[in-house]
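A.B. asks: Contents are mmCIF, C-alpha atoms and all ligand atoms; file name entry-v7.cif:
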```cif
data_model
loop_
_atom_site.label_atom_id
_atom_site.label_comp_id
_atom_site.auth_asym_id
_atom_site.auth_seq_id
_atom_site.Cartn_x
_atom_site.Cartn_y
_atom_site.Cartn_z
CA MET P 5 12.39 21.05 16.81
CA TYR P 6 13.37 17.49 16.04
CA ARG P 7 12.00 15.82 12.94
CA ALA P 8 12.09 12.20 11.81
CA PRO P 9 15.45 11.59 10.08
CA ARG P 10 15.41 12.18 6.31
CA GLY P 11 14.11 9.14 4.46
CA THR P 12 12.20 7.75 7.47
CA THR P 13 8.50 8.07 8.26
CA ASP P 14 6.19 7.83 11.24
CA ILE P 15 3.31 5.46 10.62
CA LEU P 16 0.44 7.31 12.32
CA PRO P 17 -2.86 5.63 13.33
CA PRO P 18 -4.79 6.53 10.12
CA GLU P 19 -2.16 4.62 8.09
CA GLN P 20 -2.24 1.54 10.29
CA PRO P 21 -5.21 -0.20 8.60
CA TYR P 22 -3.10 -0.47 5.41
CA TRP P 23 -0.23 -2.06 7.31
CA ARG P 24 -2.41 -4.55 9.14
CA TYR P 25 -4.16 -5.42 5.86
CA VAL P 26 -0.88 -6.13 4.04
CA GLU P 27 0.60 -8.07 6.97
CA GLN P 28 -2.53 -10.19 7.30
CA LYS P 29 -2.70 -11.00 3.57
CA ALA P 30 1.02 -11.83 3.53
CA ALA P 31 0.75 -14.10 6.58
CA ASP P 32 -2.32 -15.82 5.02
CA ILE P 33 -0.40 -16.52 1.81
CA CYS P 34 2.52 -17.97 3.79
CA GLN P 35 0.21 -20.26 5.66
CA LEU P 36 -1.32 -21.40 2.37
CA TYR P 37 2.09 -22.31 0.91
CA GLY P 38 3.58 -23.72 4.13
CA TYR P 39 6.10 -20.99 5.03
CA GLU P 40 6.99 -20.40 8.69
CA ARG P 41 8.00 -17.13 10.27
CA ILE P 42 11.59 -16.27 11.18
CA ASP P 43 12.84 -13.06 12.82
CA SER P 44 16.50 -12.15 12.64
CA PRO P 45 18.40 -9.33 14.40
CA LEU P 46 18.22 -5.76 13.16
CA PHE P 47 21.99 -5.67 12.80
CA GLU P 48 24.58 -8.20 11.74
CA ASP P 49 28.29 -8.48 11.19
CA ALA P 50 29.12 -6.10 8.31
CA GLY P 51 31.03 -8.91 6.58
CA LEU P 52 27.83 -10.94 6.10
CA PHE P 53 26.48 -8.38 3.63
CA ILE P 54 29.78 -7.44 1.99
CA ARG P 55 30.40 -11.11 1.24
CA THR P 56 26.93 -12.00 -0.09
CA VAL P 57 25.33 -8.84 -1.52
CA GLY P 58 28.70 -8.10 -3.11
CA ALA P 59 31.45 -5.51 -2.65
CA GLY P 60 30.73 -3.83 -5.99
CA THR P 61 26.98 -3.29 -5.50
CA ASP P 62 25.31 0.05 -4.70
CA ILE P 63 24.06 -1.41 -1.42
CA VAL P 64 27.53 -2.27 -0.13
CA GLU P 65 29.39 0.61 -1.78
CA LYS P 66 27.08 3.48 -0.91
CA GLU P 67 24.06 2.52 1.15
CA MET P 68 24.94 0.51 4.25
CA TYR P 69 24.51 1.93 7.73
CA SER P 70 27.70 0.48 9.21
CA PHE P 71 29.45 1.42 12.40
CA GLU P 72 31.85 0.10 14.97
CA ASP P 73 30.13 -0.79 18.25
CA LYS P 74 31.65 -0.20 21.66
CA GLY P 75 33.32 -3.60 21.53
CA GLY P 76 35.13 -2.71 18.30
CA ASN P 77 32.90 -4.94 16.08
CA GLN P 78 31.95 -3.73 12.60
CA VAL P 79 28.18 -4.06 12.41
CA THR P 80 25.59 -3.09 9.77
CA LEU P 81 21.88 -2.33 10.05
CA ARG P 82 20.19 -4.97 7.89
CA PRO P 83 20.16 -3.67 4.26
CA GLU P 84 18.27 -6.76 2.98
CA GLY P 85 16.71 -9.89 4.43
CA THR P 86 18.11 -12.88 2.55
CA ALA P 87 21.66 -13.06 3.91
CA PRO P 88 20.50 -13.00 7.58
CA VAL P 89 18.05 -15.86 6.92
CA CYS P 90 20.80 -17.88 5.25
CA ARG P 91 23.17 -17.12 8.12
CA ALA P 92 20.50 -18.43 10.52
CA TYR P 93 19.98 -21.53 8.33
CA VAL P 94 23.68 -22.39 8.58
CA GLU P 95 24.09 -21.35 12.23
CA HIS P 96 21.16 -23.46 13.46
CA GLY P 97 21.82 -26.48 11.25
CA LEU P 98 18.48 -26.19 9.46
CA HIS P 99 19.85 -28.51 6.75
CA ASN P 100 18.97 -31.28 9.21
CA GLN P 101 15.28 -30.55 8.75
CA PRO P 102 13.23 -31.82 5.78
CA GLN P 103 14.26 -29.76 2.72
CA PRO P 104 13.42 -27.28 1.44
CA VAL P 105 13.03 -25.18 4.57
CA ARG P 106 10.40 -22.52 3.86
CA LEU P 107 10.71 -19.30 5.87
CA TYR P 108 9.19 -15.83 5.78
CA TYR P 109 9.86 -12.52 7.53
CA PHE P 110 8.76 -8.94 8.04
CA ALA P 111 11.87 -6.83 8.40
CA ASP P 112 12.95 -3.21 8.78
CA ILE P 113 15.54 -2.55 6.08
CA PHE P 114 18.10 0.28 6.07
CA ARG P 115 19.65 1.74 2.93
CA TYR P 116 21.22 5.17 2.66
CA GLU P 117 19.49 6.13 -0.60
CA ARG P 118 18.27 9.39 -2.06
CA PRO P 119 14.73 9.59 -0.66
CA GLN P 120 11.80 10.02 -3.07
CA ALA P 121 8.27 8.66 -3.49
CA GLY P 122 8.43 4.98 -2.54
CA ARG P 123 12.12 5.11 -1.66
CA TYR P 124 13.19 5.49 1.95
CA ARG P 125 16.26 5.09 4.10
CA GLN P 126 14.32 2.84 6.44
CA HIS P 127 11.70 0.73 4.72
CA HIS P 128 9.87 -2.50 5.52
CA GLN P 129 9.99 -5.72 3.58
CA PHE P 130 7.91 -8.82 3.54
CA GLY P 131 10.09 -11.61 2.18
CA TYR P 132 10.33 -15.37 2.03
CA GLU P 133 12.99 -17.93 1.23
CA ALA P 134 12.82 -21.61 0.21
CA ILE P 135 16.18 -23.15 1.03
CA GLY P 136 17.43 -26.61 0.17
CA ASP P 137 16.21 -27.63 -3.29
CA GLY P 138 17.11 -26.74 -6.87
CA ASP P 139 13.94 -28.04 -8.54
CA PRO P 140 12.43 -25.44 -10.90
CA VAL P 141 9.07 -26.39 -9.37
CA LEU P 142 10.27 -24.43 -6.35
CA ASP P 143 11.03 -21.39 -8.55
CA ALA P 144 7.48 -21.63 -9.90
CA GLU P 145 6.09 -21.88 -6.36
CA VAL P 146 7.98 -18.80 -5.18
CA ILE P 147 6.91 -16.77 -8.23
CA ASP P 148 3.32 -17.97 -8.00
CA MET P 149 3.21 -17.05 -4.33
CA ALA P 150 4.34 -13.49 -5.10
CA TRP P 151 1.73 -13.17 -7.82
CA GLN P 152 -1.05 -14.57 -5.61
CA LEU P 153 -0.10 -12.14 -2.86
CA PHE P 154 -0.77 -9.22 -5.19
CA VAL P 155 -4.00 -10.82 -6.42
CA SER P 156 -5.22 -11.30 -2.84
CA LEU P 157 -4.33 -7.70 -2.00
CA GLY P 158 -6.55 -6.56 -4.87
CA LEU P 159 -3.72 -5.09 -6.95
CA GLY P 160 -3.96 -5.33 -10.72
CA ARG P 161 -2.13 -4.02 -13.80
CA LEU P 162 1.16 -5.69 -12.86
CA THR P 163 3.91 -7.15 -15.04
CA LEU P 164 6.01 -10.17 -14.18
CA ASN P 165 9.52 -9.93 -15.60
CA LEU P 166 11.65 -13.04 -15.78
CA ASN P 167 15.21 -13.85 -16.76
CA SER P 168 17.96 -16.38 -16.15
CA ILE P 169 21.48 -15.15 -15.51
CA GLY P 170 23.12 -18.60 -15.47
CA CYS P 171 25.50 -20.11 -12.96
CA LYS P 172 29.20 -20.01 -12.18
CA GLU P 173 29.83 -22.45 -15.05
CA CYS P 174 28.23 -20.46 -17.83
CA ARG P 175 28.23 -16.88 -16.61
CA PRO P 176 31.97 -16.14 -17.13
CA GLU P 177 31.63 -16.68 -20.87
CA TYR P 178 28.55 -14.45 -20.98
CA LEU P 179 30.27 -11.70 -18.99
CA LYS P 180 33.22 -11.88 -21.37
CA ARG P 181 30.93 -11.35 -24.36
CA LEU P 182 29.09 -8.58 -22.59
CA LYS P 183 32.32 -6.74 -21.81
CA GLU P 184 33.48 -7.12 -25.42
CA TYR P 185 30.22 -5.68 -26.65
CA TYR P 186 30.39 -2.68 -24.35
CA ALA P 187 34.10 -2.13 -25.00
CA ASP P 188 33.14 -1.48 -28.62
CA HIS P 189 30.72 1.23 -27.47
CA LEU P 190 32.77 2.74 -24.65
CA SER P 191 32.38 6.35 -25.76
CA GLU P 192 28.56 6.06 -25.74
CA LEU P 193 28.38 4.92 -22.08
CA CYS P 194 27.58 7.17 -19.11
CA ARG P 195 30.34 7.88 -16.63
CA ASP P 196 29.07 5.39 -14.04
CA CYS P 197 28.87 2.59 -16.58
CA LYS P 198 32.36 3.27 -17.90
CA ALA P 199 33.62 2.94 -14.34
CA ARG P 200 31.76 -0.32 -13.59
CA LEU P 201 32.21 -2.08 -16.93
CA ASP P 202 35.14 -4.10 -15.65
CA ARG P 203 33.95 -5.11 -12.18
CA ALA P 204 30.14 -5.25 -12.62
CA PRO P 205 29.25 -5.56 -16.32
CA LEU P 206 25.76 -6.95 -15.59
CA ARG P 207 24.81 -3.65 -13.92
CA LEU P 208 25.17 -1.85 -17.26
CA LEU P 209 22.06 -3.63 -18.47
CA ASP P 210 19.77 -1.87 -16.01
CA CYS P 211 21.35 1.61 -16.11
CA LYS P 212 18.66 4.32 -16.32
CA ASN P 213 20.66 6.58 -18.66
CA PRO P 214 18.83 6.74 -22.06
CA ASP P 215 22.02 6.12 -24.08
CA CYS P 216 22.93 3.12 -21.94
CA GLN P 217 19.36 1.82 -22.22
CA ARG P 218 19.58 2.00 -26.01
CA LEU P 219 22.87 0.10 -25.96
CA ALA P 220 21.47 -2.49 -23.57
CA GLN P 221 18.75 -3.35 -26.05
CA SER P 222 21.23 -4.87 -28.50
CA ALA P 223 23.61 -6.27 -25.88
CA PRO P 224 24.23 -10.04 -25.75
CA LYS P 225 21.50 -11.86 -23.79
CA SER P 226 22.31 -14.10 -20.86
CA ILE P 227 19.79 -16.76 -21.92
CA ASP P 228 21.77 -17.29 -25.14
CA TYR P 229 24.80 -18.35 -23.08
CA LEU P 230 23.21 -20.72 -20.55
CA CYS P 231 24.94 -24.09 -20.04
CA PRO P 232 22.69 -27.12 -20.75
CA PRO P 233 21.61 -27.63 -17.08
CA CYS P 234 20.75 -23.92 -16.69
CA ALA P 235 18.89 -23.89 -20.02
CA GLU P 236 16.93 -26.99 -19.00
CA HIS P 237 16.08 -25.42 -15.64
CA PHE P 238 14.84 -22.26 -17.34
CA ASN P 239 12.76 -24.23 -19.86
CA HIS P 240 11.07 -26.25 -17.15
CA LEU P 241 10.35 -23.14 -15.14
CA GLN P 242 8.64 -21.53 -18.14
CA GLN P 243 6.54 -24.65 -18.66
CA TYR P 244 5.40 -24.56 -15.03
CA LEU P 245 4.61 -20.84 -15.16
CA GLU P 246 2.57 -21.43 -18.30
CA ALA P 247 0.73 -24.26 -16.56
CA LEU P 248 -0.03 -21.81 -13.73
CA ALA P 249 -1.23 -19.26 -16.31
CA LEU P 250 1.13 -16.62 -14.92
CA PRO P 251 1.60 -13.87 -17.53
CA PHE P 252 5.40 -13.54 -17.46
CA ILE P 253 7.57 -11.75 -19.98
CA ILE P 254 11.24 -12.52 -20.51
CA ASN P 255 13.27 -9.38 -19.92
CA HIS P 256 16.91 -9.73 -21.00
CA ARG P 257 17.86 -6.61 -19.10
CA LEU P 258 16.63 -7.88 -15.75
CA VAL P 259 19.73 -8.63 -13.63
CA ARG P 260 18.80 -7.46 -10.06
CA GLY P 261 21.01 -5.29 -7.87
CA LEU P 262 22.55 -7.92 -5.59
CA ASP P 263 25.44 -10.23 -6.50
CA TYR P 264 24.23 -13.50 -4.98
CA TYR P 265 21.77 -14.46 -7.72
CA THR P 266 22.14 -17.50 -9.97
CA ARG P 267 19.81 -18.75 -12.71
CA THR P 268 16.25 -17.45 -12.15
CA VAL P 269 15.68 -13.75 -11.43
CA PHE P 270 12.27 -12.04 -11.48
CA GLU P 271 10.59 -8.75 -10.64
CA ILE P 272 7.03 -7.52 -10.45
CA GLN P 273 6.27 -4.01 -11.63
CA PRO P 274 3.20 -1.82 -11.77
CA GLU P 275 2.38 -1.52 -15.49
CA GLU P 276 2.14 2.24 -15.68
CA GLU P 277 5.47 2.86 -13.95
CA GLY P 278 9.10 2.53 -14.87
CA SER P 279 11.62 0.25 -13.27
CA GLN P 280 12.25 2.69 -10.37
CA SER P 281 9.00 1.57 -8.85
CA THR P 282 9.56 -2.19 -8.71
CA LEU P 283 7.11 -3.68 -6.25
CA GLY P 284 9.11 -6.76 -5.47
CA GLY P 285 11.90 -8.96 -6.73
CA GLY P 286 13.74 -12.16 -6.10
CA GLY P 287 15.52 -15.10 -7.57
CA ARG P 288 17.74 -18.12 -7.02
CA TYR P 289 20.93 -17.94 -5.01
CA ASP P 290 22.34 -21.45 -5.26
CA ASP P 291 25.86 -20.55 -4.01
CA LEU P 292 25.01 -18.31 -1.07
CA ILE P 293 24.71 -20.91 1.70
CA GLU P 294 28.04 -22.43 0.71
CA GLU P 295 29.57 -18.95 0.68
CA LEU P 296 28.49 -18.68 4.34
CA GLY P 297 30.17 -21.93 5.30
CA GLY P 298 27.28 -24.35 4.77
CA LYS P 299 27.13 -27.34 2.43
CA PRO P 300 26.26 -26.51 -1.21
CA THR P 301 22.53 -25.74 -0.89
CA PRO P 302 20.34 -24.35 -3.67
CA ALA P 303 17.71 -21.79 -2.65
CA ILE P 304 15.31 -19.17 -3.97
CA GLY P 305 13.32 -16.29 -2.48
CA PHE P 306 11.45 -13.05 -2.96
CA ALA P 307 10.88 -9.77 -1.12
CA VAL P 308 8.53 -6.85 -1.52
CA GLY P 309 8.54 -3.36 -0.02
CA ILE P 310 5.45 -2.80 2.12
CA GLU P 311 5.54 0.99 1.55
CA ARG P 312 5.41 0.35 -2.21
CA ILE P 313 2.49 -2.04 -1.84
CA ILE P 314 0.58 0.62 0.12
CA LEU P 315 1.46 3.29 -2.45
CA ASN P 316 -0.08 1.09 -5.14
CA LEU P 317 -3.12 0.16 -3.03
CA LYS P 318 -3.84 3.90 -2.75
CA ARG P 319 -3.16 4.58 -6.44
CA GLN P 320 -5.50 1.78 -7.41
CA ALA P 321 -8.07 2.95 -4.82
CA VAL P 322 -8.23 -0.44 -3.06
CA SER P 323 -10.22 -0.02 0.14
CA VAL P 324 -8.94 -1.76 3.25
CA PRO P 325 -10.98 -2.79 6.30
CA ALA P 326 -11.07 -0.39 9.25
CA LEU P 327 -9.47 -1.53 12.50
CA ARG P 328 -11.68 -2.42 15.45
CA LYS P 329 -12.12 0.39 17.97
CA PRO P 330 -14.11 0.73 21.21
CA GLN P 331 -17.76 1.54 20.56
CA VAL P 332 -18.54 2.90 24.03
CA PHE P 333 -17.60 6.20 25.64
CA ILE P 334 -18.16 7.02 29.32
CA ALA P 335 -18.89 10.63 30.24
CA CYS P 336 -19.32 11.85 33.80
CA MET P 337 -19.91 14.99 35.79
CA GLY P 338 -18.21 15.61 39.13
CA GLY P 339 -15.78 13.79 41.40
CA GLU P 340 -18.16 11.24 42.83
CA ALA P 341 -19.44 10.27 39.38
CA LYS P 342 -15.84 9.83 38.23
CA ALA P 343 -15.23 7.08 40.79
CA VAL P 344 -18.33 5.25 39.56
CA ALA P 345 -17.24 5.77 35.93
CA VAL P 346 -13.78 4.29 36.60
CA LYS P 347 -15.39 1.18 38.05
CA LEU P 348 -17.95 0.89 35.26
CA ALA P 349 -15.23 1.19 32.61
CA ALA P 350 -13.27 -1.59 34.29
CA THR P 351 -16.35 -3.84 34.55
CA LEU P 352 -17.11 -3.37 30.84
CA ARG P 353 -13.52 -4.00 29.74
CA ARG P 354 -13.27 -7.13 31.85
CA ALA P 355 -16.44 -8.30 30.12
CA GLY P 356 -14.69 -7.79 26.76
CA ILE P 357 -16.42 -4.53 25.82
CA GLY P 358 -14.04 -1.81 24.61
CA VAL P 359 -14.44 1.53 26.38
CA ILE P 360 -12.92 4.98 26.10
CA GLU P 361 -13.20 6.97 29.28
CA ALA P 362 -13.48 10.74 29.62
CA VAL P 363 -10.62 12.24 31.60
CA GLY P 364 -10.21 15.75 33.00
CA ASP P 365 -13.06 18.06 33.97
CA ARG P 366 -14.69 19.11 30.72
CA SER P 367 -18.35 20.03 30.39
CA LEU P 368 -20.83 17.33 29.39
CA LYS P 369 -21.22 19.08 26.02
CA ALA P 370 -17.47 18.85 25.40
CA GLN P 371 -17.42 15.21 26.46
CA LEU P 372 -20.24 14.37 24.05
CA ARG P 373 -18.42 16.20 21.29
CA GLN P 374 -15.39 14.03 21.96
CA ALA P 375 -17.55 10.89 21.86
CA ASN P 376 -18.89 12.05 18.51
CA ASN P 377 -15.42 12.63 17.11
CA LEU P 378 -14.34 9.19 18.26
CA GLY P 379 -17.25 7.71 16.30
CA VAL P 380 -18.48 5.46 19.15
CA ARG P 381 -21.98 3.98 18.93
CA HIS P 382 -22.96 4.56 22.56
CA THR P 383 -22.11 6.95 25.35
CA LEU P 384 -22.82 6.17 29.00
CA ILE P 385 -23.40 9.30 31.07
CA ILE P 386 -23.12 9.47 34.85
CA GLY P 387 -24.32 12.71 36.45
CA GLU P 388 -25.90 13.69 39.76
CA ASP P 389 -29.33 12.20 38.96
CA GLU P 390 -27.80 8.90 37.91
CA LEU P 391 -25.74 8.75 41.10
CA LYS P 392 -28.88 9.22 43.20
CA THR P 393 -30.88 6.53 41.37
CA GLY P 394 -28.05 4.01 40.77
CA THR P 395 -28.53 4.28 37.02
CA VAL P 396 -26.59 5.38 33.98
CA ALA P 397 -27.88 7.26 30.95
CA LEU P 398 -27.35 5.24 27.76
CA ARG P 399 -27.17 7.45 24.68
CA ASP P 400 -27.37 6.16 21.12
CA MET P 401 -24.93 8.44 19.30
CA SER P 402 -26.49 8.18 15.84
CA SER P 403 -30.14 8.79 16.84
CA GLY P 404 -29.39 10.93 19.91
CA GLU P 405 -31.94 8.85 21.84
CA GLN P 406 -31.19 8.50 25.53
CA LYS P 407 -32.68 6.39 28.33
CA ASN P 408 -31.75 5.63 31.93
CA VAL P 409 -30.91 2.02 32.78
CA PRO P 410 -29.80 0.39 36.04
CA LEU P 411 -26.00 0.54 36.35
CA ALA P 412 -25.69 -3.22 36.82
CA GLN P 413 -27.49 -3.91 33.54
CA ALA P 414 -25.16 -1.79 31.39
CA PRO P 415 -22.76 -4.62 30.37
CA ASP P 416 -25.59 -6.92 29.25
CA LEU P 417 -27.37 -4.15 27.38
CA LEU P 418 -24.23 -3.13 25.53
CA ARG P 419 -23.31 -6.64 24.66
P1 LIG Z 501 15.51 -5.81 -3.43
O1 LIG Z 501 15.02 -5.79 -4.84
O2 LIG Z 501 16.73 -5.06 -3.12
O3 LIG Z 501 15.67 -7.34 -3.06
O4 LIG Z 501 14.37 -5.29 -2.47
C1 LIG Z 501 13.08 -5.88 -2.48
C2 LIG Z 501 11.99 -4.82 -2.53
O5 LIG Z 501 12.15 -3.91 -1.43
C3 LIG Z 501 12.03 -3.88 -3.73
O6 LIG Z 501 11.42 -4.48 -4.85
C4 LIG Z 501 11.24 -2.71 -3.22
O7 LIG Z 501 9.85 -2.95 -3.25
C5 LIG Z 501 11.63 -2.64 -1.78
N1 LIG Z 501 12.68 -1.61 -1.57
C6 LIG Z 501 13.99 -1.70 -1.82
N2 LIG Z 501 14.64 -0.57 -1.49
C7 LIG Z 501 13.68 0.27 -1.01
C8 LIG Z 501 13.70 1.59 -0.46
N3 LIG Z 501 14.83 2.29 -0.35
N4 LIG Z 501 12.53 2.15 -0.06
C9 LIG Z 501 11.37 1.44 -0.14
N5 LIG Z 501 11.30 0.18 -0.63
C10 LIG Z 501 12.44 -0.40 -1.06
C11 LIG Z 501 16.13 -7.81 -1.87
O8 LIG Z 501 16.32 -7.12 -0.89
C12 LIG Z 501 16.31 -9.32 -1.85
N6 LIG Z 501 16.71 -9.70 -0.48
C13 LIG Z 501 15.04 -10.03 -2.29
C14 LIG Z 501 15.19 -11.51 -2.25
C15 LIG Z 501 14.69 -12.35 -1.32
N7 LIG Z 501 15.88 -12.24 -3.11
C16 LIG Z 501 15.82 -13.52 -2.76
N8 LIG Z 501 15.12 -13.59 -1.65
#
```
Would you kindly transcribe this structure into structure tokens?
Ligand code: HAM

C.D. replies:
Amino acid sequence: MYRAPRGTTDILPPEQPYWRYVEQKAADICQLYGYERIDSPLFEDAGLFIRTVGAGTDIVEKEMYSFEDKGGNQVTLRPEGTAPVCRAYVEHGLHNQPQPVRLYYFADIFRYERPQAGRYRQHHQFGYEAIGDGDPVLDAEVIDMAWQLFVSLGLGRLTLNLNSIGCKECRPEYLKRLKEYYADHLSELCRDCKARLDRAPLRLLDCKNPDCQRLAQSAPKSIDYLCPPCAEHFNHLQQYLEALALPFIINHRLVRGLDYYTRTVFEIQPEEEGSQSTLGGGGRYDDLIEELGGKPTPAIGFAVGIERIILNLKRQAVSVPALRKPQVFIACMGGEAKAVAVKLAATLRRAGIGVIEAVGDRSLKAQLRQANNLGVRHTLIIGEDELKTGTVALRDMSSGEQKNVPLAQAPDLLR
């Protein structure tokens, strides 16, 4: 027996109302803030991610689904959505459009991770990117949009974590101080952190090991090392967030797991959970477009895992609207009645009335049971008597009341 590959899930019909609800709310928010949809390929050149997400990150080191295709090209199933959008921005000359260019996407994302609640090997992200301006007003817009998405979904008890990790001017000095600090505490670090201290010192700040967490609390803070332009950017952003009454907290240990970030980084977490359950995260990536061969172009974005949103909707008992289903079932008895039923079903559907038709040769009782299970409001029954009189029996499924009506009047009556 085949099963879905580990870390993947089938989204069966009873789950679909949650997905449609989230997609609709996300698309509504994008419309409200002026973001347009972009779809990029499911796979890209492996180099795109190695170069931007960073060779030393977990994603690139351990989690990418990469393979050589039949033409000998190294390709990777998309492990995140930002680099492909930036690649498209450069490839299609979107810098020629009014800036910033505001884009959003729904994307399947592939990461070879250890599966657990809310963590999959194939998950789905809703994300958006604002490319082409460095104004902290844009940071505030992107953060506000994320927050408003959660508000509109009906999710509460969330925390907004904010930090600034500086730019290529000021970060080297900070990293130097960070390494010095950790070098003095080398023996207290976990094995992973010892190994990554030299190449990825920022990662030590969000290590889950309790000893490393304790050390991180007294580690040097990036915001104390910002150059004047980065400090000014961060100050303005905080003023705007205060003006928007967004309840952010500055978290010195927030660094994000991808290498392309500059200045602003932020994450939204459910209050009762730890950092493993981050709902969504994002930040600025002012050097990424240039890294991909474009002109220097500041940008910022955000992405959220749809599975994690749904997990939290269920935990917080948010009810979502049911999807529309046909409200009419057609039952029939015998071959001749079947031909009439096929035609009646077609007439109703062409008139915009949804119909589910009985198939096979089950008894009338079994057909009515099926209609009941489907939850339709009406069943139309065609038997021998109806055939003789050119009528159809119209049954109200909740009251059980039934009356015969002329076949030709059925569409109008149902409407
Ligand atoms: P990320 O933090 O790696 O950021 O992923 C964004 C969100 O995707 C996470 O907060 C989480 O909700 C969800 N997610 C990540 N991995 C998994 C998984 N294995 N299973 C289920 N959900 C998961 C990015 O990918 C950046 N591209 C975000 C961004 C956009 N930054 C700027 N623009």

A.B. asks: With all atoms listed in the file as the basis for distance, which of P:Ala321, P:Thr301, P:Ile169, P:Val332 is at the shortest distance from P:Thr266?

C.D. replies: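 Once distances to P:Thr266 are computed over all atoms listed in the file, the minimum belongs to P:Ile169.
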
A.B. asks: Could you give me, as a Markdown table, a per-residue list for chain P showing, wherever an atom lies at most 6 Å from an atom of ligand LIG 501 (chain Z), the closest pair of atoms and their distance in Å to one decimal, using all atoms listed in the file and sorting by chain then residue number from low to high?

C.D. replies:
```
| residue | atom | partner | partner_atom | distance |
| --- | --- | --- | --- | --- |
| P:Glu84 | CA | Z:LIG501 | O8 | 4.3 |
| P:Gly85 | CA | Z:LIG501 | N6 | 4.9 |
| P:Thr86 | CA | Z:LIG501 | N6 | 4.6 |
| P:Arg115 | CA | Z:LIG501 | N3 | 5.9 |
| P:Gly122 | CA | Z:LIG501 | C9 | 5.2 |
| P:Arg123 | CA | Z:LIG501 | N4 | 3.4 |
| P:Tyr124 | CA | Z:LIG501 | N4 | 4.0 |
| P:Arg125 | CA | Z:LIG501 | N3 | 5.4 |
| P:His127 | CA | Z:LIG501 | C9 | 4.9 |
| P:Gln129 | CA | Z:LIG501 | O5 | 5.7 |
| P:Gly131 | CA | Z:LIG501 | C15 | 5.8 |
| P:Glu133 | CA | Z:LIG501 | N8 | 5.6 |
| P:Thr282 | CA | Z:LIG501 | O6 | 4.9 |
| P:Leu283 | CA | Z:LIG501 | O7 | 4.1 |
| P:Gly284 | CA | Z:LIG501 | O6 | 3.3 |
| P:Gly285 | CA | Z:LIG501 | O1 | 4.8 |
| P:Gly286 | CA | Z:LIG501 | N7 | 3.7 |
| P:Gly287 | CA | Z:LIG501 | C16 | 5.1 |
| P:Ile304 | CA | Z:LIG501 | C16 | 5.8 |
| P:Gly305 | CA | Z:LIG501 | N8 | 3.3 |
| P:Phe306 | CA | Z:LIG501 | C15 | 3.7 |
| P:Ala307 | CA | Z:LIG501 | C13 | 4.3 |
| P:Val308 | CA | Z:LIG501 | C2 | 4.1 |
| P:Gly309 | CA | Z:LIG501 | O7 | 3.5 |
| P:Arg312 | CA | Z:LIG501 | O7 | 5.6 |
```

A.B. asks: Between atom CA of P:Glu311 and atom CA of P:Leu36, what distance in Å does the model show, to one decimal?

C.D. replies: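 These atoms are spaced 23.4 Å apart.
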
A.B. asks: Which distance in Å separates atom CA of P:Tyr93 and atom CA of P:Leu107, to one decimal?

C.D. replies: 9.8 Å

A.B. asks: Just how far from atom CA of P:Gln152 is atom CA of P:Asn316, in Å to one decimal?

C.D. replies: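 Atom CA of P:Asn316 sits 15.7 Å away from atom CA of P:Gln152.
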
A.B. asks: With all atoms listed in the file as the atoms that count, which of P:Thr268, P:Thr163, P:Gln217, P:Gln28 lies nearest to P:Cys194?

C.D. replies: P:Gln217

A.B. asks: With distances taken over all atoms listed in the file, which of P:Pro45, P:Tyr39, P:Gln120, P:Ile135 is nearest to P:Gln101?

C.D. replies: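 The answer is P:Ile135, which sits nearest to P:Gln101.
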
A.B. asks: Counting only C-alpha atoms, which of P:Phe130, P:Met401, P:Ile385, P:Ile314 gets nearest to P:Ile15?

C.D. replies: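 So, comparing all the options, the nearest one is P:Ile314.
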
A.B. asks: Taking into account all atoms listed in the file, which residue in the set P:Glu40, P:Asp290, P:Glu192, P:Asp202 is nearest to P:Val105?

C.D. replies: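 When distances to P:Val105 are compared using all atoms listed in the file, the smallest one comes from P:Glu40.
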
A.B. asks: Go through P:Leu248, P:Leu352, P:Cys336, P:Leu378 one by one, measure the shortest atom-to-atom distance of each to P:Ala412 using only C-alpha atoms, and give the residue with the smallest value.

C.D. replies: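 Answer, going by the shortest atom-to-atom distance: P:Leu352.
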
A.B. asks: Report as a Markdown table the residues of stretch 39-149 of chain P within 12 Å of stretch 219-234 of chain P, each with its shortest atom pair and distance in Å (one decimal), using all atoms listed in the file, ordered by chain and increasing residue number.

C.D. replies:
```
| residue | atom | partner | partner_atom | distance |
| --- | --- | --- | --- | --- |
| P:Gly138 | CA | P:Cys234 | CA | 10.8 |
| P:Asp139 | CA | P:Cys234 | CA | 11.4 |
| P:Pro140 | CA | P:Cys234 | CA | 10.2 |
```

A.B. asks: May I have the protein, DNA and RNA residues with any atom at most 10 Å from the point (28.0, -6.7, -16.6), counting only C-alpha atoms, written as a PyMOL selection string?

C.D. replies: chain P and resi 178-183+186+197+200-210+259

A.B. asks: If you count only C-alpha atoms, which residues fall within 8 Å of P:Asp137, apart from same-chain ones fewer than 5 positions away, as a ChimeraX atom specification?

C.D. replies: /P:103-104,142,301-303

A.B. asks: Quick one: everything within 10 Å of P:Glu27, counting only C-alpha atoms, minus sequence neighbours fewer than 6 positions away in the same chain. Send it as a PyMOL selection string.

C.D. replies: chain P and resi 21+33+110+130+310
